[in-house]
$ cat final.pdb   # PDB, C-alpha atoms
ATOM      1  CA  MET A   1       6.533 -11.774 -81.057
ATOM      2  CA  GLU A   2       2.745 -11.673 -80.998
ATOM      3  CA  ARG A   3       0.780 -12.848 -77.971
ATOM      4  CA  PRO A   4      -1.577 -15.787 -78.448
ATOM      5  CA  ALA A   5      -5.292 -15.000 -78.455
ATOM      6  CA  THR A   6      -5.777 -17.138 -75.340
ATOM      7  CA  ALA A   7      -3.318 -14.976 -73.379
ATOM      8  CA  ALA A   8      -5.194 -11.814 -74.390
ATOM      9  CA  ALA A   9      -8.518 -13.434 -73.450
ATOM     10  CA  ASN A  10      -7.107 -14.500 -70.072
ATOM     11  CA  ASP A  11      -5.872 -10.969 -69.372
ATOM     12  CA  LEU A  12      -9.257  -9.542 -70.305
ATOM     13  CA  ALA A  13     -11.007 -12.093 -68.061
ATOM     14  CA  LEU A  14      -8.742 -11.134 -65.147
ATOM     15  CA  LEU A  15      -9.560  -7.456 -65.711
ATOM     16  CA  VAL A  16     -13.314  -8.111 -65.813
ATOM     17  CA  GLY A  17     -13.079 -10.284 -62.693
ATOM     18  CA  ARG A  18     -11.062  -7.656 -60.819
ATOM     19  CA  VAL A  19     -13.531  -4.898 -61.719
ATOM     20  CA  ALA A  20     -16.514  -7.067 -60.738
ATOM     21  CA  ILE A  21     -15.042  -7.928 -57.342
ATOM     22  CA  ALA A  22     -13.951  -4.325 -56.759
ATOM     23  CA  ALA A  23     -17.517  -3.201 -57.522
ATOM     24  CA  LEU A  24     -18.618  -5.209 -54.501
ATOM     25  CA  PHE A  25     -15.863  -4.303 -52.025
ATOM     26  CA  LEU A  26     -15.093  -0.648 -52.825
ATOM     27  CA  PRO A  27     -18.534   0.828 -52.062
ATOM     28  CA  SER A  28     -19.014  -1.437 -49.066
ATOM     29  CA  GLY A  29     -15.637  -0.506 -47.608
ATOM     30  CA  PHE A  30     -16.233   3.179 -48.323
ATOM     31  CA  SER A  31     -19.598   3.023 -46.576
ATOM     32  CA  LYS A  32     -18.053   1.368 -43.540
ATOM     33  CA  LEU A  33     -15.302   3.994 -43.395
ATOM     34  CA  THR A  34     -17.746   6.903 -43.694
ATOM     35  CA  HIS A  35     -20.068   5.375 -41.074
ATOM     36  CA  LEU A  36     -17.326   3.899 -38.938
ATOM     37  CA  GLN A  37     -19.022   4.245 -35.561
ATOM     38  CA  ALA A  38     -22.079   2.335 -36.777
ATOM     39  CA  PHE A  39     -19.777  -0.387 -38.127
ATOM     40  CA  VAL A  40     -17.945  -0.565 -34.783
ATOM     41  CA  TYR A  41     -21.311  -1.024 -33.007
ATOM     42  CA  ASN A  42     -22.308  -3.712 -35.502
ATOM     43  CA  VAL A  43     -19.043  -5.610 -35.004
ATOM     44  CA  ASP A  44     -19.285  -5.203 -31.222
ATOM     45  CA  GLY A  45     -22.870  -6.520 -31.250
ATOM     46  CA  ARG A  46     -21.643  -9.704 -32.928
ATOM     47  CA  GLY A  47     -19.230 -10.410 -30.087
ATOM     48  CA  VAL A  48     -15.998  -9.651 -31.952
ATOM     49  CA  PRO A  49     -13.177  -8.772 -29.547
ATOM     50  CA  LEU A  50     -11.528  -5.334 -29.834
ATOM     51  CA  PRO A  51     -14.169  -3.848 -32.130
ATOM     52  CA  GLU A  52     -12.596  -0.361 -31.891
ATOM     53  CA  VAL A  53      -9.462  -1.787 -33.549
ATOM     54  CA  LEU A  54     -10.782  -4.556 -35.780
ATOM     55  CA  ALA A  55     -13.710  -2.668 -37.327
ATOM     56  CA  PRO A  56     -11.577   0.190 -38.744
ATOM     57  CA  LEU A  57      -8.954  -2.346 -39.843
ATOM     58  CA  GLY A  58     -11.584  -4.422 -41.629
ATOM     59  CA  ALA A  59     -13.101  -1.362 -43.290
ATOM     60  CA  MET A  60      -9.679  -0.230 -44.517
ATOM     61  CA  VAL A  61      -8.824  -3.694 -45.850
ATOM     62  CA  GLU A  62     -12.156  -3.857 -47.651
ATOM     63  CA  PHE A  63     -11.801  -0.412 -49.229
ATOM     64  CA  LEU A  64      -8.079  -0.438 -50.022
ATOM     65  CA  GLY A  65      -8.183  -4.057 -51.193
ATOM     66  CA  GLY A  66     -11.030  -3.203 -53.551
ATOM     67  CA  LEU A  67      -9.080  -0.200 -54.816
ATOM     68  CA  ALA A  68      -5.979  -2.358 -55.358
ATOM     69  CA  LEU A  69      -8.003  -4.820 -57.438
ATOM     70  CA  LEU A  70      -9.657  -2.076 -59.469
ATOM     71  CA  LEU A  71      -6.394  -0.316 -60.285
ATOM     72  CA  GLY A  72      -4.287  -3.437 -60.618
ATOM     73  CA  VAL A  73      -1.771  -2.578 -57.929
ATOM     74  CA  GLN A  74      -0.479  -5.341 -55.639
ATOM     75  CA  VAL A  75      -3.321  -7.577 -56.823
ATOM     76  CA  ARG A  76      -1.974 -10.718 -55.152
ATOM     77  CA  VAL A  77      -1.524  -8.995 -51.783
ATOM     78  CA  GLY A  78      -4.919  -7.306 -52.025
ATOM     79  CA  SER A  79      -6.540 -10.614 -52.963
ATOM     80  CA  VAL A  80      -5.058 -12.438 -49.988
ATOM     81  CA  LEU A  81      -6.086  -9.650 -47.594
ATOM     82  CA  LEU A  82      -9.612  -9.589 -48.996
ATOM     83  CA  LEU A  83      -9.734 -13.394 -48.871
ATOM     84  CA  VAL A  84      -8.923 -13.345 -45.144
ATOM     85  CA  PHE A  85     -11.379 -10.487 -44.576
ATOM     86  CA  THR A  86     -14.146 -12.341 -46.436
ATOM     87  CA  VAL A  87     -13.579 -15.608 -44.563
ATOM     88  CA  LEU A  88     -13.656 -13.818 -41.198
ATOM     89  CA  ALA A  89     -16.661 -11.669 -42.121
ATOM     90  CA  THR A  90     -18.511 -14.755 -43.362
ATOM     91  CA  LEU A  91     -17.849 -16.684 -40.163
ATOM     92  CA  ILE A  92     -18.960 -13.703 -38.085
ATOM     93  CA  ALA A  93     -21.999 -12.488 -40.021
ATOM     94  CA  HIS A  94     -23.446 -15.512 -41.853
ATOM     95  CA  ARG A  95     -23.677 -18.228 -39.216
ATOM     96  CA  PHE A  96     -26.666 -19.890 -40.854
ATOM     97  CA  TRP A  97     -26.351 -22.989 -38.670
ATOM     98  CA  GLU A  98     -27.489 -20.931 -35.662
ATOM     99  CA  TYR A  99     -30.844 -20.097 -37.287
ATOM    100  CA  ALA A 100     -34.014 -22.146 -37.061
ATOM    101  CA  PRO A 101     -35.185 -23.642 -40.355
ATOM    102  CA  GLY A 102     -36.962 -21.016 -42.430
ATOM    103  CA  ALA A 103     -36.447 -18.005 -44.652
ATOM    104  CA  ALA A 104     -33.833 -16.306 -42.440
ATOM    105  CA  ARG A 105     -31.704 -19.465 -42.348
ATOM    106  CA  GLN A 106     -31.947 -19.866 -46.131
ATOM    107  CA  MET A 107     -30.922 -16.258 -46.668
ATOM    108  CA  GLN A 108     -27.914 -16.604 -44.348
ATOM    109  CA  GLN A 109     -26.928 -19.906 -45.945
ATOM    110  CA  SER A 110     -27.144 -18.357 -49.407
ATOM    111  CA  SER A 111     -24.971 -15.422 -48.307
ATOM    112  CA  PHE A 112     -22.498 -17.822 -46.711
ATOM    113  CA  PHE A 113     -22.019 -19.834 -49.908
ATOM    114  CA  LYS A 114     -21.900 -16.729 -52.111
ATOM    115  CA  ASN A 115     -18.996 -15.578 -49.974
ATOM    116  CA  VAL A 116     -17.364 -18.990 -50.386
ATOM    117  CA  ALA A 117     -17.575 -18.435 -54.163
ATOM    118  CA  ILE A 118     -16.032 -14.955 -53.781
ATOM    119  CA  VAL A 119     -13.187 -16.532 -51.806
ATOM    120  CA  GLY A 120     -12.676 -18.832 -54.790
ATOM    121  CA  GLY A 121     -12.269 -15.760 -56.985
ATOM    122  CA  PHE A 122      -9.622 -14.407 -54.621
ATOM    123  CA  VAL A 123      -7.761 -17.716 -54.822
ATOM    124  CA  PHE A 124      -7.643 -17.344 -58.622
ATOM    125  CA  LEU A 125      -6.441 -13.737 -58.405
ATOM    126  CA  ALA A 126      -3.818 -14.619 -55.797
ATOM    127  CA  ALA A 127      -2.552 -17.447 -58.002
ATOM    128  CA  HIS A 128      -2.612 -15.631 -61.362
ATOM    129  CA  GLY A 129      -2.181 -11.980 -60.436
ATOM    130  CA  GLY A 130      -3.991  -9.141 -62.133
ATOM    131  CA  GLY A 131      -2.978  -9.885 -65.696
ATOM    132  CA  ARG A 132      -1.648  -7.562 -68.356
ATOM    133  CA  TYR A 133      -4.106  -4.710 -67.737
ATOM    134  CA  CYS A 134      -2.730  -3.441 -64.415
ATOM    135  CA  LEU A 135      -1.270  -0.085 -63.474
ATOM    136  CA  GLU A 136       1.435  -2.017 -61.693
ATOM    137  CA  ARG A 137       2.809  -3.177 -65.053
ATOM    138  CA  LEU A 138       3.725   0.430 -65.887
ATOM    139  CA  TRP A 139       6.414   0.582 -63.230
ATOM    140  CA  ARG A 140       7.229  -3.131 -63.087
ATOM    141  CA  ARG A 141       8.488  -2.884 -66.673
ATOM    142  CA  ASP A 142      11.070  -0.272 -65.590
ATOM    143  CA  ARG A 143      12.549  -2.643 -63.018
ATOM    144  CA  ARG A 144      13.145  -5.262 -65.712
ATOM    145  CA  MET A 145      15.389  -2.953 -67.748
ATOM    146  CA  ARG A 146      19.099  -3.619 -67.879
ATOM    147  CA  PRO A 147      21.531  -0.736 -67.416
ATOM    148  CA  ALA A 148      22.233  -0.823 -71.162
ATOM    149  CA  GLY A 149      18.539  -0.110 -71.795
ATOM    150  CA  ARG A 150      17.526  -3.620 -72.814
ATOM    151  CA  ARG A 151      14.972  -5.665 -70.967
ATOM    152  CA  ALA A 152      16.297  -8.608 -68.985
ATOM    153  CA  ASP A 153      14.425 -11.029 -71.229
ATOM    154  CA  ASP A 154      15.568  -9.380 -74.475
ATOM    155  CA  ARG A 155      17.930 -11.872 -76.041
ATOM    156  CA  ALA A 156      18.213 -10.165 -79.436
ATOM    157  CA  GLY A 157      21.812  -9.560 -80.387
ATOM    158  CA  PHE A 158      23.138 -11.734 -77.578
ATOM    159  CA  GLN A 159      26.054 -13.890 -78.676
ATOM    160  CA  PRO A 160      27.312 -16.402 -76.126
ATOM    161  CA  ALA A 161      31.052 -16.593 -75.669
ATOM    162  CA  ARG A 162      32.653 -19.290 -77.764
ATOM    163  CA  GLN A 163      34.310 -22.103 -75.942
ATOM    164  CA  PRO A 164      37.775 -22.926 -77.167
ATOM    165  CA  GLN A 165      37.924 -26.167 -79.103
ATOM    166  CA  THR A 166      40.180 -28.772 -77.615
ATOM    167  CA  PRO A 167      41.807 -31.198 -80.007
ATOM    168  CA  THR A 168      40.802 -34.819 -79.606
TER     169      THR A 168
END

$ encode --input "final.pdb" --output "structure tokens"
Amino acid sequence: MERPATAAANDLALLVGRVAIAALFLPSGFSKLTHLQAFVYNVDGRGVPLPEVLAPLGAMVEFLGGLALLLGVQVRVGSVLLLVFTVLATLIAHRFWEYAPGAARQMQQSSFFKNVAIVGGFVFLAAHGGGRYCLERLWRRDRRMRPAGRRADDRAGFQPARQPQTPT
């Protein structure tokens, strides 16, 4: 059975979206991990409690979540983790309402709403998954095999048992 063109287009769109989001989070997370002490100081300077714990955790979520999206492994879990990370980071770093009117406030407000849009992308990925073009599909297919070697959804050759006819 051939897949409809819309399904193929949707899978391609999910792949492009995953790669685009990963292009933002992977390098940023990698940079935070390789310059962890500077990131801890940055988080501490913003008044976040337990910066020695939360900064490395945030950097790992950002990097590993981006990697999960890029590779297509646990896309829904990675999306939810990155969604939470992005909401928290936005509320910590882009508090535009604390700025006086001017260029700095506009820049923070723009960054705030860009992050809101990114969160919207994570909602879509969490709801729809990574699509057909995921590494995860390589091993997920094996779990759907029946012991006889047929997939669970393979109905070819299946004959339901006949019910005995009762005379009326």

$ atom_distance --input "final.pdb" --atom1 "CA of Phe30 (chain A)" --atom2 "CA of Leu54 (chain A)"
15.7 Å

$ atom_distance --input "final.pdb" --atom1 "CA of Gly58 (chain A)" --atom2 "CA of Ala126 (chain A)"
19.1 Å

$ closest_atom_pairs --input "final.pdb" --of "region 41-142 of chain A" --to "region 10-19 of chain A" --cutoff "6 Å" --atoms "all atoms listed in the file" --output "JSON lines"
{"residue": "A:Leu69", "atom": "CA", "partner": "A:Arg18", "partner_atom": "CA", "distance": 5.4}
{"residue": "A:Leu70", "atom": "CA", "partner": "A:Val19", "partner_atom": "CA", "distance": 5.3}
{"residue": "A:Gly130", "atom": "CA", "partner": "A:Leu14", "partner_atom": "CA", "distance": 6.0}
{"residue": "A:Gly131", "atom": "CA", "partner": "A:Asp11", "partner_atom": "CA", "distance": 4.8}
{"residue": "A:Arg132", "atom": "CA", "partner": "A:Asp11", "partner_atom": "CA", "distance": 5.5}

$ resolve_selection --input "final.pdb" --expression "the PyMOL selection byres ((chain A and resi 32) around 9)" --output "list in words"
Pro27, Ser28, Gly29, Phe30, Ser31, Leu33, Thr34, His35, Leu36, Gln37, Ala38, Phe39, Val40, Ala55, Pro56, Gly58, Ala59, Met60, Glu62 and Phe63 of chain A

$ write_last_selection --input "final.pdb" --atoms "C-alpha atoms" --output "PDB file, in the coordinates of the input"
ATOM      1  CA  PRO A  27     -18.534   0.828 -52.062  1.00  0.00           C
ATOM      2  CA  SER A  28     -19.014  -1.437 -49.066  1.00  0.00           C
ATOM      3  CA  GLY A  29     -15.637  -0.506 -47.608  1.00  0.00           C
ATOM      4  CA  PHE A  30     -16.233   3.179 -48.323  1.00  0.00           C
ATOM      5  CA  SER A  31     -19.598   3.023 -46.576  1.00  0.00           C
ATOM      6  CA  LEU A  33     -15.302   3.994 -43.395  1.00  0.00           C
ATOM      7  CA  THR A  34     -17.746   6.903 -43.694  1.00  0.00           C
ATOM      8  CA  HIS A  35     -20.068   5.375 -41.074  1.00  0.00           C
ATOM      9  CA  LEU A  36     -17.326   3.899 -38.938  1.00  0.00           C
ATOM     10  CA  GLN A  37     -19.022   4.245 -35.561  1.00  0.00           C
ATOM     11  CA  ALA A  38     -22.079   2.335 -36.777  1.00  0.00           C
ATOM     12  CA  PHE A  39     -19.777  -0.387 -38.127  1.00  0.00           C
ATOM     13  CA  VAL A  40     -17.945  -0.565 -34.783  1.00  0.00           C
ATOM     14  CA  ALA A  55     -13.710  -2.668 -37.327  1.00  0.00           C
ATOM     15  CA  PRO A  56     -11.577   0.190 -38.744  1.00  0.00           C
ATOM     16  CA  GLY A  58     -11.584  -4.422 -41.629  1.00  0.00           C
ATOM     17  CA  ALA A  59     -13.101  -1.362 -43.290  1.00  0.00           C
ATOM     18  CA  MET A  60      -9.679  -0.230 -44.517  1.00  0.00           C
ATOM     19  CA  GLU A  62     -12.156  -3.857 -47.651  1.00  0.00           C
ATOM     20  CA  PHE A  63     -11.801  -0.412 -49.229  1.00  0.00           C
TER      21      PHE A  63
END

$ axis_aligned_box --input "final.pdb" --around "region 86-104 of chain A" --padding-each-side "8 Å" --output "JSON"
{"center_x": -25.3, "center_y": -17.7, "center_z": -41.0, "size_x": 39.4, "size_y": 28.0, "size_z": 26.8}

$ residues_around --input "final.pdb" --residues "region 82-89 of chain A" --least-positions-apart "6" --cutoff "8 Å" --atoms "only C-alpha atoms" --output "PyMOL selection string"
chain A and resi 58+61-62+65-66+115-116+119+122-123

$ atom_distance --input "final.pdb" --atom1 "CA of Phe25 (chain A)" --atom2 "CA of Leu81 (chain A)"
12.0 Å

$ residues_around --input "final.pdb" --residues "Ser110 (chain A)" --least-positions-apart "5" --cutoff "9 Å" --atoms "all atoms listed in the file" --output "ChimeraX atom specification"
/A:94,96,105,115

$ residues_around --input "final.pdb" --residues "Val48 (chain A)" --least-positions-apart "4" --cutoff "8 Å" --atoms "only C-alpha atoms" --output "list in words"
Val43, Asp44 and Ile92 of chain A

$ resolve_selection --input "final.pdb" --expression "the PyMOL selection byres ((chain A and resi 75-77) around 8)" --output "JSON, numbers by chain"
{"A": [68, 69, 72, 73, 74, 78, 79, 80, 81, 125, 126, 127, 128, 129, 130]}
